[in-house]
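With compact mmCIF, C-alpha atoms and all ligand atoms inside, this is input30.txt:
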```
# COMPACT_ATOMS: atom_id res chain seq x y z
CA MET A 1 -55.32 -121.77 -3.61
CA ASN A 2 -51.82 -122.82 -2.60
CA VAL A 3 -49.82 -124.12 -5.55
CA ILE A 4 -46.70 -124.73 -3.47
CA GLU A 5 -46.58 -126.11 0.04
CA VAL A 6 -43.29 -126.77 1.76
CA LYS A 7 -43.88 -128.63 5.01
CA ASP A 8 -41.13 -129.02 7.64
CA VAL A 9 -38.54 -129.51 4.95
CA SER A 10 -34.89 -130.11 5.83
CA LYS A 11 -32.11 -130.84 3.39
CA LYS A 12 -28.57 -131.98 4.04
CA TYR A 13 -25.61 -132.40 1.78
CA ARG A 14 -23.04 -135.05 2.48
CA ILE A 15 -19.55 -133.67 2.17
CA TYR A 16 -16.85 -136.28 1.60
CA TYR A 17 -13.37 -135.63 2.90
CA ASP A 18 -10.20 -136.57 1.13
CA LYS A 19 -8.06 -138.97 3.13
CA GLY A 20 -4.95 -137.65 1.47
CA SER A 21 -3.15 -138.65 -1.67
CA THR A 22 0.14 -140.06 -0.39
CA LEU A 23 0.46 -143.43 1.35
CA LYS A 24 1.60 -141.65 4.52
CA GLU A 25 -1.48 -139.41 4.54
CA LYS A 26 -3.75 -142.35 3.82
CA ILE A 27 -2.33 -144.26 6.81
CA LEU A 28 -2.31 -141.21 9.07
CA PHE A 29 -5.88 -140.25 8.20
CA ARG A 30 -7.33 -143.78 7.97
CA ASN A 31 -9.60 -143.19 10.95
CA ARG A 32 -10.80 -139.86 9.74
CA ASN A 33 -14.56 -139.79 9.11
CA LYS A 34 -15.17 -140.08 5.42
CA TYR A 35 -17.95 -137.53 5.31
CA GLU A 36 -19.82 -134.94 7.21
CA ASP A 37 -23.50 -134.11 6.90
CA LYS A 38 -24.23 -130.46 6.47
CA TRP A 39 -27.83 -129.33 6.98
CA VAL A 40 -28.41 -126.46 4.57
CA LEU A 41 -32.18 -126.12 5.09
CA LYS A 42 -33.83 -126.70 8.44
CA ASP A 43 -37.59 -127.13 9.01
CA ILE A 44 -38.71 -124.86 6.22
CA ASN A 45 -42.43 -124.12 6.03
CA LEU A 46 -43.76 -122.05 3.16
CA LYS A 47 -47.04 -121.67 1.34
CA ILE A 48 -47.29 -119.91 -2.00
CA LYS A 49 -50.62 -119.05 -3.57
CA LYS A 50 -51.46 -119.25 -7.26
CA GLY A 51 -50.32 -116.12 -9.06
CA GLU A 52 -48.05 -114.93 -6.25
CA THR A 53 -44.59 -113.62 -7.06
CA VAL A 54 -42.13 -114.43 -4.33
CA GLY A 55 -38.54 -113.27 -3.93
CA LEU A 56 -36.03 -115.38 -2.02
CA ILE A 57 -33.32 -113.26 -0.46
CA GLY A 58 -30.39 -113.97 1.83
CA GLU A 59 -26.64 -114.13 2.07
CA ASN A 60 -24.48 -116.31 -0.17
CA GLY A 61 -24.78 -119.92 0.88
CA SER A 62 -27.95 -119.42 2.94
CA GLY A 63 -29.89 -122.09 1.03
CA LYS A 64 -31.96 -120.16 -1.54
CA SER A 65 -30.86 -122.15 -4.58
CA THR A 66 -31.23 -125.39 -2.67
CA LEU A 67 -34.85 -124.50 -1.95
CA LEU A 68 -35.47 -123.74 -5.65
CA LYS A 69 -33.87 -127.04 -6.65
CA LEU A 70 -36.12 -128.87 -4.20
CA LEU A 71 -39.17 -127.18 -5.77
CA THR A 72 -37.97 -128.24 -9.23
CA ARG A 73 -37.38 -131.77 -7.94
CA ILE A 74 -33.80 -131.85 -9.15
CA ILE A 75 -33.04 -132.88 -5.56
CA TYR A 76 -35.24 -134.22 -2.74
CA PRO A 77 -35.60 -133.29 0.93
CA ASN A 78 -34.22 -135.50 3.69
CA LYS A 79 -37.16 -134.58 5.88
CA GLY A 80 -40.57 -133.08 5.26
CA GLU A 81 -42.79 -132.83 2.22
CA ILE A 82 -43.13 -130.58 -0.80
CA ILE A 83 -46.35 -130.26 -2.78
CA VAL A 84 -46.18 -128.47 -6.12
CA LYS A 85 -49.36 -128.17 -8.21
CA GLY A 86 -49.01 -127.30 -11.90
CA LYS A 87 -46.43 -127.30 -14.65
CA VAL A 88 -43.05 -125.98 -13.53
CA SER A 89 -40.55 -124.20 -15.70
CA SER A 90 -37.20 -123.35 -14.21
CA LEU A 91 -34.12 -121.41 -14.92
CA LEU A 92 -31.60 -122.51 -12.37
CA GLU A 93 -28.03 -123.20 -13.27
CA LEU A 94 -26.98 -121.34 -16.33
CA GLY A 95 -27.42 -123.49 -19.41
CA ALA A 96 -28.03 -126.65 -17.38
CA GLY A 97 -29.79 -129.03 -19.71
CA PHE A 98 -28.11 -127.70 -22.84
CA HIS A 99 -25.96 -130.04 -24.86
CA PRO A 100 -22.77 -128.21 -25.85
CA ASP A 101 -22.39 -129.92 -29.22
CA MET A 102 -25.96 -129.30 -30.32
CA THR A 103 -26.95 -126.04 -31.96
CA GLY A 104 -29.05 -123.41 -30.22
CA ARG A 105 -32.04 -124.47 -32.32
CA GLU A 106 -31.61 -128.19 -31.48
CA ASN A 107 -31.25 -127.34 -27.81
CA ILE A 108 -34.51 -125.38 -27.89
CA TYR A 109 -36.28 -128.54 -29.07
CA THR A 110 -34.74 -130.83 -26.43
CA ASN A 111 -35.03 -128.27 -23.65
CA ALA A 112 -38.64 -127.35 -24.39
CA SER A 113 -39.59 -131.03 -24.67
CA ILE A 114 -38.20 -131.57 -21.14
CA PHE A 115 -40.69 -128.92 -20.03
CA GLY A 116 -43.42 -131.01 -21.66
CA LEU A 117 -43.99 -129.34 -25.03
CA THR A 118 -44.76 -131.48 -28.10
CA ARG A 119 -42.79 -131.06 -31.32
CA LYS A 120 -45.79 -129.27 -32.90
CA GLU A 121 -46.02 -126.86 -29.95
CA ILE A 122 -42.33 -126.12 -30.21
CA ASP A 123 -42.61 -125.60 -34.00
CA ASP A 124 -45.33 -123.01 -33.32
CA ARG A 125 -43.16 -121.15 -30.81
CA ILE A 126 -39.66 -121.49 -32.13
CA ASP A 127 -39.69 -118.15 -33.93
CA ASP A 128 -40.82 -116.37 -30.77
CA ILE A 129 -38.16 -118.13 -28.70
CA ILE A 130 -35.36 -117.25 -31.15
CA SER A 131 -36.59 -113.71 -31.57
CA PHE A 132 -36.77 -113.13 -27.81
CA SER A 133 -33.25 -114.49 -27.40
CA GLU A 134 -31.96 -112.15 -30.14
CA LEU A 135 -29.69 -115.00 -31.21
CA GLU A 136 -30.89 -115.24 -34.83
CA GLU A 137 -27.36 -115.11 -36.19
CA SER A 138 -25.90 -117.83 -34.03
CA ILE A 139 -28.91 -120.06 -33.46
CA ASP A 140 -27.51 -122.73 -35.81
CA ASN A 141 -24.06 -122.80 -34.15
CA PRO A 142 -23.22 -125.28 -31.38
CA VAL A 143 -23.92 -123.75 -27.97
CA ARG A 144 -20.36 -124.51 -26.79
CA THR A 145 -19.41 -121.50 -28.93
CA TYR A 146 -21.84 -119.25 -26.98
CA SER A 147 -20.83 -116.76 -24.33
CA SER A 148 -22.42 -117.07 -20.87
CA GLY A 149 -24.72 -114.16 -21.76
CA MET A 150 -25.86 -115.98 -24.91
CA TYR A 151 -26.48 -119.19 -22.90
CA MET A 152 -28.61 -117.20 -20.53
CA ARG A 153 -30.61 -115.57 -23.31
CA LEU A 154 -31.39 -118.93 -24.83
CA ALA A 155 -32.24 -120.55 -21.50
CA PHE A 156 -34.50 -117.68 -20.46
CA SER A 157 -36.27 -117.57 -23.82
CA VAL A 158 -37.14 -121.25 -23.57
CA ALA A 159 -38.13 -121.08 -19.90
CA ILE A 160 -40.62 -118.26 -20.41
CA ASN A 161 -42.12 -119.61 -23.61
CA VAL A 162 -43.22 -123.00 -22.32
CA GLU A 163 -46.31 -121.54 -20.63
CA ALA A 164 -45.72 -123.04 -17.24
CA ASP A 165 -47.94 -122.42 -14.21
CA ILE A 166 -44.91 -121.90 -11.99
CA LEU A 167 -41.67 -120.23 -13.03
CA LEU A 168 -38.59 -120.68 -10.83
CA VAL A 169 -35.73 -118.33 -11.58
CA ASP A 170 -32.30 -118.20 -9.95
CA GLU A 171 -30.38 -114.92 -10.23
CA ILE A 172 -31.35 -114.35 -13.85
CA LEU A 173 -31.24 -110.60 -13.55
CA ALA A 174 -27.54 -110.69 -12.69
CA VAL A 175 -26.49 -112.05 -16.08
CA GLY A 176 -26.71 -110.48 -19.49
CA ASP A 177 -26.50 -106.88 -20.56
CA ALA A 178 -28.69 -104.13 -19.17
CA SER A 179 -31.14 -104.06 -22.06
CA PHE A 180 -31.69 -107.82 -21.96
CA GLN A 181 -32.09 -107.70 -18.19
CA ALA A 182 -34.78 -105.06 -18.67
CA LYS A 183 -36.48 -107.21 -21.30
CA CYS A 184 -36.44 -110.24 -18.94
CA PHE A 185 -37.85 -108.12 -16.17
CA ASN A 186 -40.70 -106.88 -18.38
CA LYS A 187 -41.41 -110.40 -19.54
CA MET A 188 -41.66 -111.62 -15.97
CA GLN A 189 -44.00 -108.74 -15.20
CA GLU A 190 -46.12 -109.84 -18.17
CA LEU A 191 -46.18 -113.47 -16.95
CA LYS A 192 -47.08 -112.26 -13.48
CA ASN A 193 -50.00 -110.29 -14.91
CA LYS A 194 -51.16 -113.42 -16.73
CA GLY A 195 -51.27 -115.24 -13.39
CA THR A 196 -48.06 -117.29 -13.50
CA THR A 197 -46.67 -118.05 -10.05
CA ILE A 198 -43.06 -116.87 -9.97
CA ILE A 199 -40.34 -117.58 -7.44
CA ILE A 200 -37.17 -115.68 -7.98
CA VAL A 201 -33.84 -115.76 -6.17
CA SER A 202 -32.03 -112.47 -6.40
CA HIS A 203 -29.57 -110.24 -4.63
CA ASP A 204 -31.10 -107.26 -6.44
CA LEU A 205 -33.56 -106.11 -3.79
CA GLY A 206 -34.82 -103.28 -5.99
CA SER A 207 -36.04 -105.77 -8.61
CA ILE A 208 -37.58 -107.97 -5.93
CA GLU A 209 -39.49 -104.99 -4.57
CA ARG A 210 -40.75 -104.01 -8.02
CA LEU A 211 -41.76 -107.51 -9.06
CA CYS A 212 -42.68 -109.47 -5.95
CA ASP A 213 -45.68 -109.56 -3.65
CA LYS A 214 -43.71 -111.28 -0.92
CA SER A 215 -40.09 -111.64 0.18
CA VAL A 216 -38.74 -114.65 2.02
CA TRP A 217 -35.45 -114.06 3.82
CA ILE A 218 -33.45 -117.23 4.35
CA ASP A 219 -30.55 -117.13 6.76
CA LYS A 220 -28.34 -120.15 7.42
CA GLY A 221 -31.02 -122.54 6.24
CA ILE A 222 -33.95 -121.16 8.19
CA ILE A 223 -36.64 -118.67 7.24
CA LYS A 224 -35.83 -115.55 9.17
CA SER A 225 -38.69 -113.41 7.88
CA ILE A 226 -41.59 -113.46 5.40
CA GLY A 227 -43.66 -110.47 4.37
CA ILE A 228 -44.01 -107.44 2.13
CA PRO A 229 -40.70 -107.02 0.22
CA TYR A 230 -40.27 -103.43 1.42
CA ASP A 231 -40.29 -104.52 5.08
CA VAL A 232 -38.39 -107.79 4.78
CA ASP A 233 -35.70 -106.27 2.56
CA ALA A 234 -35.21 -103.49 5.12
CA GLU A 235 -34.82 -106.06 7.92
CA TYR A 236 -32.31 -107.98 5.83
CA LEU A 237 -30.31 -104.85 4.97
CA ASP A 238 -30.21 -103.84 8.63
CA PHE A 239 -28.97 -107.27 9.60
CA MET A 240 -26.29 -107.26 6.90
CA GLY A 241 -25.17 -103.73 7.80
CA GLN A 242 -24.81 -104.66 11.46
CA LYS A 243 -22.97 -107.83 10.57
CA ARG A 244 -20.48 -105.96 8.41
CA ASN A 245 -19.94 -103.41 11.17
CA LYS A 246 -19.23 -106.20 13.66
CA LYS A 247 -16.82 -107.86 11.25
CA LYS A 248 -14.94 -104.62 10.79
CA GLU A 249 -14.80 -104.07 14.53
CA GLY A 250 -13.47 -107.61 15.04
CA LYS A 251 -10.80 -107.03 12.41
CA ASN A 252 -9.66 -103.83 14.08
CA GLN A 253 -9.48 -105.53 17.47
CA GLY A 254 -7.57 -108.43 15.90
CA THR A 255 -5.00 -106.05 14.48
CA LYS A 256 -4.49 -104.37 17.84
CA ALA A 257 -4.27 -107.67 19.71
CA SER A 258 -1.53 -109.18 17.54
CA ASN A 259 0.89 -106.41 18.17
CA ASN A 260 3.95 -108.42 19.00
CA ASN A 261 5.21 -110.12 15.90
CA ASP A 262 7.64 -108.74 13.34
CA GLU A 263 5.14 -108.66 10.52
CA GLN A 264 2.86 -106.57 12.65
CA GLU A 265 5.68 -104.19 13.50
CA GLU A 266 6.50 -103.83 9.83
CA ASP A 267 2.84 -103.15 9.10
CA ASP A 268 2.74 -100.63 11.94
CA GLN A 269 5.79 -98.88 10.57
CA LYS A 270 4.24 -98.74 7.12
CA GLN A 271 1.12 -97.37 8.70
CA ASP A 272 3.18 -94.82 10.65
CA SER A 273 4.93 -93.61 7.52
CA ASN A 274 1.59 -93.53 5.69
CA GLN A 275 0.24 -91.62 8.62
CA GLN A 276 3.11 -89.13 8.41
CA ASN A 277 2.52 -88.64 4.68
CA LYS A 278 -1.16 -88.33 5.37
CA GLU A 279 -0.39 -85.75 8.05
CA LYS A 280 1.55 -83.73 5.51
CA ASP A 281 -1.07 -83.92 2.77
CA ASP A 282 -4.28 -84.22 4.69
CA ARG A 283 -3.71 -82.46 7.99
CA TRP A 284 -2.65 -78.93 8.62
CA GLY A 285 -3.02 -76.13 11.17
CA ASN A 286 -1.11 -74.66 14.12
CA LYS A 287 -2.62 -77.15 16.62
CA PHE A 288 -3.65 -74.43 19.07
CA VAL A 289 -6.61 -76.72 19.41
CA GLU A 290 -6.11 -80.35 18.39
CA ILE A 291 -8.70 -82.88 17.29
CA LEU A 292 -8.48 -86.39 18.71
CA ASN A 293 -10.33 -89.69 18.71
CA PRO A 294 -12.89 -89.04 15.95
CA ARG A 295 -15.65 -91.61 15.58
CA LEU A 296 -19.08 -92.13 14.09
CA THR A 297 -21.80 -93.76 16.12
CA ASN A 298 -25.09 -95.21 14.99
CA GLU A 299 -28.63 -95.16 16.33
CA LYS A 300 -27.64 -97.64 19.05
CA ASN A 301 -24.73 -95.46 20.09
CA GLU A 302 -22.24 -98.01 18.78
CA VAL A 303 -19.12 -96.95 16.88
CA ALA A 304 -19.79 -97.89 13.27
CA SER A 305 -18.63 -97.29 9.72
CA ILE A 306 -21.60 -98.67 7.80
CA PHE A 307 -24.95 -96.96 8.05
CA LYS A 308 -28.40 -97.32 6.61
CA SER A 309 -29.52 -94.33 4.58
CA GLY A 310 -31.77 -92.22 6.79
CA GLU A 311 -30.25 -93.52 10.04
CA LYS A 312 -29.30 -91.18 12.87
CA VAL A 313 -25.53 -90.71 12.96
CA ASN A 314 -23.42 -88.88 15.51
CA ILE A 315 -20.06 -87.44 14.56
CA ARG A 316 -17.95 -87.28 17.72
CA PHE A 317 -14.45 -86.19 18.52
CA GLU A 318 -12.40 -84.89 21.40
CA TYR A 319 -10.25 -81.80 21.49
CA ILE A 320 -7.25 -80.61 23.50
CA ARG A 321 -6.47 -76.93 23.80
CA HIS A 322 -2.74 -76.24 23.62
CA ASN A 323 -3.09 -72.46 23.58
CA LYS A 324 -5.13 -71.09 26.46
CA GLU A 325 -5.89 -67.88 24.58
CA ILE A 326 -8.27 -69.72 22.33
CA GLN A 327 -11.71 -69.31 23.87
CA SER A 328 -14.32 -69.88 21.20
CA PRO A 329 -13.11 -71.73 18.12
CA VAL A 330 -15.26 -72.86 15.21
CA PHE A 331 -15.76 -76.61 14.78
CA GLY A 332 -16.62 -77.94 11.34
CA ILE A 333 -17.46 -81.12 9.45
CA GLY A 334 -17.36 -82.00 5.75
CA ILE A 335 -18.74 -85.09 4.06
CA PHE A 336 -17.28 -86.13 0.71
CA ARG A 337 -18.30 -88.88 -1.68
CA ASP A 338 -15.47 -91.20 -2.82
CA ASP A 339 -15.30 -89.39 -6.17
CA GLY A 340 -14.42 -86.20 -4.27
CA LEU A 341 -17.86 -84.53 -4.43
CA ASN A 342 -18.51 -82.38 -1.38
CA CYS A 343 -21.93 -83.62 -0.30
CA TYR A 344 -22.32 -81.46 2.76
CA SER A 345 -20.22 -79.19 4.93
CA THR A 346 -21.07 -76.96 7.82
CA ASN A 347 -19.55 -75.51 10.96
CA THR A 348 -20.66 -74.02 14.26
CA HIS A 349 -20.28 -70.50 12.83
CA ILE A 350 -22.51 -71.19 9.79
CA ASP A 351 -24.99 -72.84 12.17
CA LYS A 352 -24.92 -69.68 14.32
CA ILE A 353 -23.88 -71.49 17.51
CA GLN A 354 -23.06 -68.54 19.73
CA ASN A 355 -20.93 -68.33 22.84
CA ILE A 356 -18.82 -71.42 22.44
CA SER A 357 -16.45 -71.56 25.34
CA ILE A 358 -13.99 -74.41 25.47
CA SER A 359 -11.89 -75.82 28.31
CA ASP A 360 -8.46 -77.44 28.06
CA SER A 361 -10.06 -80.57 26.76
CA GLY A 362 -13.52 -81.73 25.90
CA GLU A 363 -15.74 -83.45 23.42
CA VAL A 364 -17.73 -82.26 20.41
CA GLU A 365 -20.72 -83.99 18.89
CA CYS A 366 -22.53 -83.18 15.67
CA VAL A 367 -25.81 -85.07 15.52
CA LEU A 368 -27.09 -85.88 12.03
CA LYS A 369 -30.70 -86.72 12.73
CA GLU A 370 -31.13 -88.44 9.36
CA LEU A 371 -28.17 -89.36 7.21
CA ASN A 372 -30.11 -89.19 3.98
CA LEU A 373 -27.13 -89.83 1.71
CA LEU A 374 -27.64 -92.31 -1.11
CA GLU A 375 -25.81 -95.64 -1.17
CA GLY A 376 -22.05 -95.21 -1.57
CA LYS A 377 -18.69 -94.66 0.05
CA TYR A 378 -17.88 -91.43 1.84
CA THR A 379 -15.15 -89.73 3.85
CA LEU A 380 -15.35 -87.22 6.64
CA ASP A 381 -13.25 -84.08 7.18
CA LEU A 382 -13.07 -82.45 10.60
CA ALA A 383 -11.79 -79.00 11.37
CA VAL A 384 -11.30 -76.54 14.16
CA HIS A 385 -10.31 -73.00 13.21
CA ASP A 386 -10.82 -69.38 14.18
CA GLU A 387 -13.69 -67.23 12.96
CA ASP A 388 -11.68 -66.04 9.97
CA GLY A 389 -10.88 -69.58 8.93
CA LEU A 390 -7.29 -69.73 10.27
CA PRO A 391 -6.89 -73.48 10.86
CA TYR A 392 -5.92 -74.83 14.26
CA ASP A 393 -6.38 -78.39 13.11
CA TYR A 394 -7.84 -79.42 9.76
CA ILE A 395 -7.95 -83.12 8.92
CA ARG A 396 -9.10 -84.38 5.55
CA LYS A 397 -10.53 -87.90 5.11
CA ILE A 398 -10.14 -88.66 8.78
CA LEU A 399 -12.82 -91.35 8.64
CA SER A 400 -14.35 -93.40 5.85
CA PHE A 401 -17.82 -94.80 5.98
CA GLU A 402 -20.36 -96.54 3.78
CA VAL A 403 -24.04 -95.95 3.36
CA TYR A 404 -26.38 -98.67 2.16
CA SER A 405 -29.91 -98.23 0.98
CA LYS A 406 -32.64 -100.20 -0.62
CA ASN A 407 -33.84 -97.17 -2.49
CA LYS A 408 -32.42 -96.90 -5.94
CA ASP A 409 -32.90 -93.18 -6.46
CA VAL A 410 -30.06 -91.33 -8.11
CA GLY A 411 -28.00 -88.34 -7.02
CA VAL A 412 -26.40 -87.41 -3.71
CA PHE A 413 -29.15 -87.06 -1.14
CA ARG A 414 -32.58 -88.50 -0.72
CA LEU A 415 -34.80 -85.48 -0.50
CA LYS A 416 -37.99 -86.06 1.45
CA HIS A 417 -40.78 -86.01 -1.09
CA HIS A 418 -44.12 -87.37 -2.16
CA TRP A 419 -46.00 -87.35 -5.43
CA ASN A 420 -49.44 -86.00 -6.29
CA ILE A 421 -50.84 -86.90 -9.67
CA ILE A 422 -53.54 -84.39 -10.53
CA ASP A 423 -56.05 -84.87 -13.38
N1 LIG B 1 -24.08 -130.28 -4.08
C1 LIG B 1 -23.69 -129.77 -2.92
N2 LIG B 1 -22.89 -130.49 -2.10
C2 LIG B 1 -22.51 -129.98 -0.90
N3 LIG B 1 -22.85 -128.76 -0.44
C3 LIG B 1 -23.63 -128.01 -1.22
C4 LIG B 1 -24.09 -128.46 -2.51
N4 LIG B 1 -24.86 -127.49 -3.06
C5 LIG B 1 -24.87 -126.47 -2.17
N5 LIG B 1 -24.14 -126.79 -1.08
C6 LIG B 1 -23.96 -125.95 0.13
O1 LIG B 1 -25.25 -125.65 0.64
C7 LIG B 1 -25.29 -124.33 1.16
C8 LIG B 1 -26.45 -123.57 0.52
O2 LIG B 1 -26.16 -123.39 -0.86
P1 LIG B 1 -27.15 -122.62 -1.84
O3 LIG B 1 -26.55 -122.71 -3.20
O4 LIG B 1 -28.52 -123.15 -1.66
O5 LIG B 1 -27.06 -121.15 -1.28
P2 LIG B 1 -27.63 -119.78 -1.90
O6 LIG B 1 -28.38 -119.12 -0.81
O7 LIG B 1 -28.35 -120.05 -3.16
O8 LIG B 1 -26.28 -118.98 -2.17
P3 LIG B 1 -25.91 -117.91 -3.34
O9 LIG B 1 -26.57 -116.63 -2.97
O10 LIG B 1 -24.43 -117.84 -3.20
O11 LIG B 1 -26.34 -118.49 -4.63
C9 LIG B 1 -23.93 -123.73 0.88
O12 LIG B 1 -23.15 -123.82 2.04
C10 LIG B 1 -23.34 -124.61 -0.20
O13 LIG B 1 -21.95 -124.68 -0.09
```

Rewrite the coordinates I just gave you, this time as structure tokens.
Amino acid sequence: MNVIEVKDVSKKYRIYYDKGSTLKEKILFRNRNKYEDKWVLKDINLKIKKGETVGLIGENGSGKSTLLKLLTRIIYPNKGEIIVKGKVSSLLELGAGFHPDMTGRENIYTNASIFGLTRKEIDDRIDDIISFSELEESIDNPVRTYSSGMYMRLAFSVAINVEADILLVDEILAVGDASFQAKCFNKMQELKNKGTTIIIVSHDLGSIERLCDKSVWIDKGIIKSIGIPYDVDAEYLDFMGQKRNKKKEGKNQGTKASNNNDEQEEDDQKQDSNQQNKEKDDRWGNKFVEILNPRLTNEKNEVASIFKSGEKVNIRFEYIRHNKEIQSPVFGIGIFRDDGLNCYSTNTHIDKIQNISISDSGEVECVLKELNLLEGKYTLDLAVHDEDGLPYDYIRKILSFEVYSKNKDVGVFRLKHHWNIID
């Protein structure tokens, strides 16, 4: 049975523009439109069954909270229809609904009564609510004296103790300390097991995967994908990774394009002097063979600096031979985590690549079939040297890159594995 049905729902906000504060501005801008309509949700269709736990994911400003507010009926759609069957409890804006001058205890009574509990029902539960919030010592102080974490504890404790059929939660797991977050998570798991329908907005994809049966990815006000969290989250992460790569590329091109002004020259000079310092500290060797134009490319053969864990990555660079006597140098790579840990290093000698014969110039590629590093920031070292390690060109931290992952395992690498539980 569907307990929530969202049918062709669109929502717009009206944004009013200031005509200016001075008389001159008011006259100048008198014909300016007073407002603009911004559609933040467009033709949303969604069905949620009783007992389902659904995660709403998406970039900042994509419309997730707006959808939750529509389900709570704090706001209404401009188009379409929303059907919600059952008692709804919600935890949206932090502490919304609390009166700052009332004590924690008084706020529990008013807040829980908004969710439809009678005074007797609240009396029966108040000890549980206070105990879950762990606010025994400050429960009789006005809530304006509470920290944001304390607000959240109180709000969550009320929201989960009103025995609603549907619980709507916005980003709860981002607030509060780790132990309270874990307690909230367990409580939601408990409610889920009891059959409560839960819709949760979160940027913590790991929690969504552990808790939810379904993920809904909202992008710029439309539903981009619905399905098993594992799949939808992966699609979303891919999309975000590609977007960040494009942004970075754009920025680089922008810097190159605006080469003519003084500020840019100053920046270039700073960069040059940084480069010279870097050369001193991070580059050494006799340059008999020189490394040039290093880059990392992704599965699509595009130059990139952000990769999904497990993705195929090619390390590429060119070389120029300045000393013709060098026939078969050793090429090497080293990957370091941002805390300096050497995650992996190898070279053509270790890898037993025989009979390397170079020309005056050429290109080298090291193909990493699966970059199974865990999420984090990394740098790359490149080297070309002779068989005894005498460096021709050794460059530390020549490139930086990031790895993102939806897996939350800990360590350096993701080792391929599976589990067998044997009786
Ligand atoms: N009251 C409002 N008036 C005008 N615009 C609003 C209002 N509330 C939200 N918006 C705009 O609507 C869009 C969607 O906002 P919403 O809060 O739903 O996004 P979100 O996906 O929950 O983002 P986040 O992950 O940052 O919480 C944003 O561009 C936001 O600026």

Let me make sure I understand: among A:Lys194, A:His203, A:Lys308, A:Lys7, which one has the smallest atom-to-atom distance to A:Glu235 if we use all atoms listed in the file?
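Closest candidate: A:Lys308.
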
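Comparing the minimum interatomic distances between ligand LIG 1 (chain B) and each of A:His349, A:Arg144, A:Lys42, A:Lys187, counting all atoms listed in the file, we find that A:Lys42 sits nearest.
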
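Distances from A:Leu167, A:Cys343, A:Ile218, A:Ile114 to ligand LIG 1 (chain B) were compared using all atoms listed in the file, and the smallest one belongs to A:Ile218.
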
Neighbourhood of ligand LIG 1 (chain B) at 9 Å, counting only C-alpha atoms and all ligand atoms, reported as a ChimeraX atom specification
/A:12-16,37-41,56-69,170-171,201-203,218-221

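Atom to atom, atom CA of A:Asp409 and atom CA of A:Leu374 stand 7.6 Å apart.
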
Please work out which residues fall within 9 Å of (-22.8, -125.1, -35.8), coordinates as given in the file, with all atoms listed in the file counting, and return them as a ChimeraX atom specification.
/A:101-104,138-143,145

Go ahead and save the residues from that selection, with C-alpha atoms, as a PDB file, keeping the file's coordinate frame.
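Okay, this is what ended up in part00.pdb:
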```
ATOM      1  CA  ASP A 101     -22.390-129.920 -29.220  1.00  0.00           C
ATOM      2  CA  MET A 102     -25.960-129.300 -30.320  1.00  0.00           C
ATOM      3  CA  THR A 103     -26.950-126.040 -31.960  1.00  0.00           C
ATOM      4  CA  GLY A 104     -29.050-123.410 -30.220  1.00  0.00           C
ATOM      5  CA  SER A 138     -25.900-117.830 -34.030  1.00  0.00           C
ATOM      6  CA  ILE A 139     -28.910-120.060 -33.460  1.00  0.00           C
ATOM      7  CA  ASP A 140     -27.510-122.730 -35.810  1.00  0.00           C
ATOM      8  CA  ASN A 141     -24.060-122.800 -34.150  1.00  0.00           C
ATOM      9  CA  PRO A 142     -23.220-125.280 -31.380  1.00  0.00           C
ATOM     10  CA  VAL A 143     -23.920-123.750 -27.970  1.00  0.00           C
ATOM     11  CA  THR A 145     -19.410-121.500 -28.930  1.00  0.00           C
TER      12      THR A 145
END
```

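Here atom CA of A:Asp124 and atom CA of A:Thr196 stand 20.8 Å from one another.
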
Nearest-residue call for A:Ile126, choices A:Ser90, A:Tyr146, A:Glu365, A:Leu154, using only C-alpha atoms:
A:Leu154

Of the residues A:Glu290, A:Val3, A:Ile306, A:Val9, which is the one nearest to A:Lys85, using only C-alpha atoms?
A:Val3

What does the structure give for the distance between atom CA of A:Asn186 and atom CA of A:Leu211, in Å to one decimal?
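Distance between the two atoms: 9.4 Å.
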
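Counting only C-alpha atoms, the residue from A:Gly332, A:Gly51, A:Leu205, A:Ser357 that sits nearest to A:Met188 is A:Gly51.
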
Shell around stretch 312-329 of chain A at 6 Å using only C-alpha atoms, local window under 3 positions removed, as a PyMOL selection string:
chain A and resi 288-299+356-358+360-370+385-386

Residues within 8 Å of A:Val162, please, as JSON, numbers by chain. Count only C-alpha atoms; anything in the same chain fewer than 2 positions from it doesn't count.
{"A": [89, 112, 115, 117, 158, 159, 160, 164]}

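Near (-42.8, -127.7, -9.5), the residues that fall inside 6 Å on the basis of only C-alpha atoms are Leu71, Thr72, Val84 and Val88 of chain A.
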
What's around A:Glu136 at 10 Å? Count only C-alpha atoms, leave out sequence neighbours fewer than 6 positions away in its own chain, and write the answer as number ranges by chain.
A: 104-105, 127, 129-130

Create the file for the chosen residues now, containing C-alpha atoms and written as a PDB file, keeping the file's coordinate frame.
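Once written, again36.pdb looks like this:
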```pdb
ATOM      1  CA  GLY A 104     -29.050-123.410 -30.220  1.00  0.00           C
ATOM      2  CA  ARG A 105     -32.040-124.470 -32.320  1.00  0.00           C
ATOM      3  CA  ASP A 127     -39.690-118.150 -33.930  1.00  0.00           C
ATOM      4  CA  ILE A 129     -38.160-118.130 -28.700  1.00  0.00           C
ATOM      5  CA  ILE A 130     -35.360-117.250 -31.150  1.00  0.00           C
TER       6      ILE A 130
END
```

Residues at most 6 Å from stretch 381-384 of chain A, counting all atoms listed in the file, excluding those fewer than 5 positions away in the same chain, as number ranges by chain?
A: 330-334, 392-398

Test item: axis-aligned box, all listed atoms of stretch 234-244 of chain A, 3 Å on each side, centre and edges in Å rounded to one decimal, as lines of an AutoDock Vina configuration file:
```
center_x = -27.8
center_y = -105.7
center_z = 8.2
size_x = 20.7
size_y = 10.5
size_z = 12.5
```
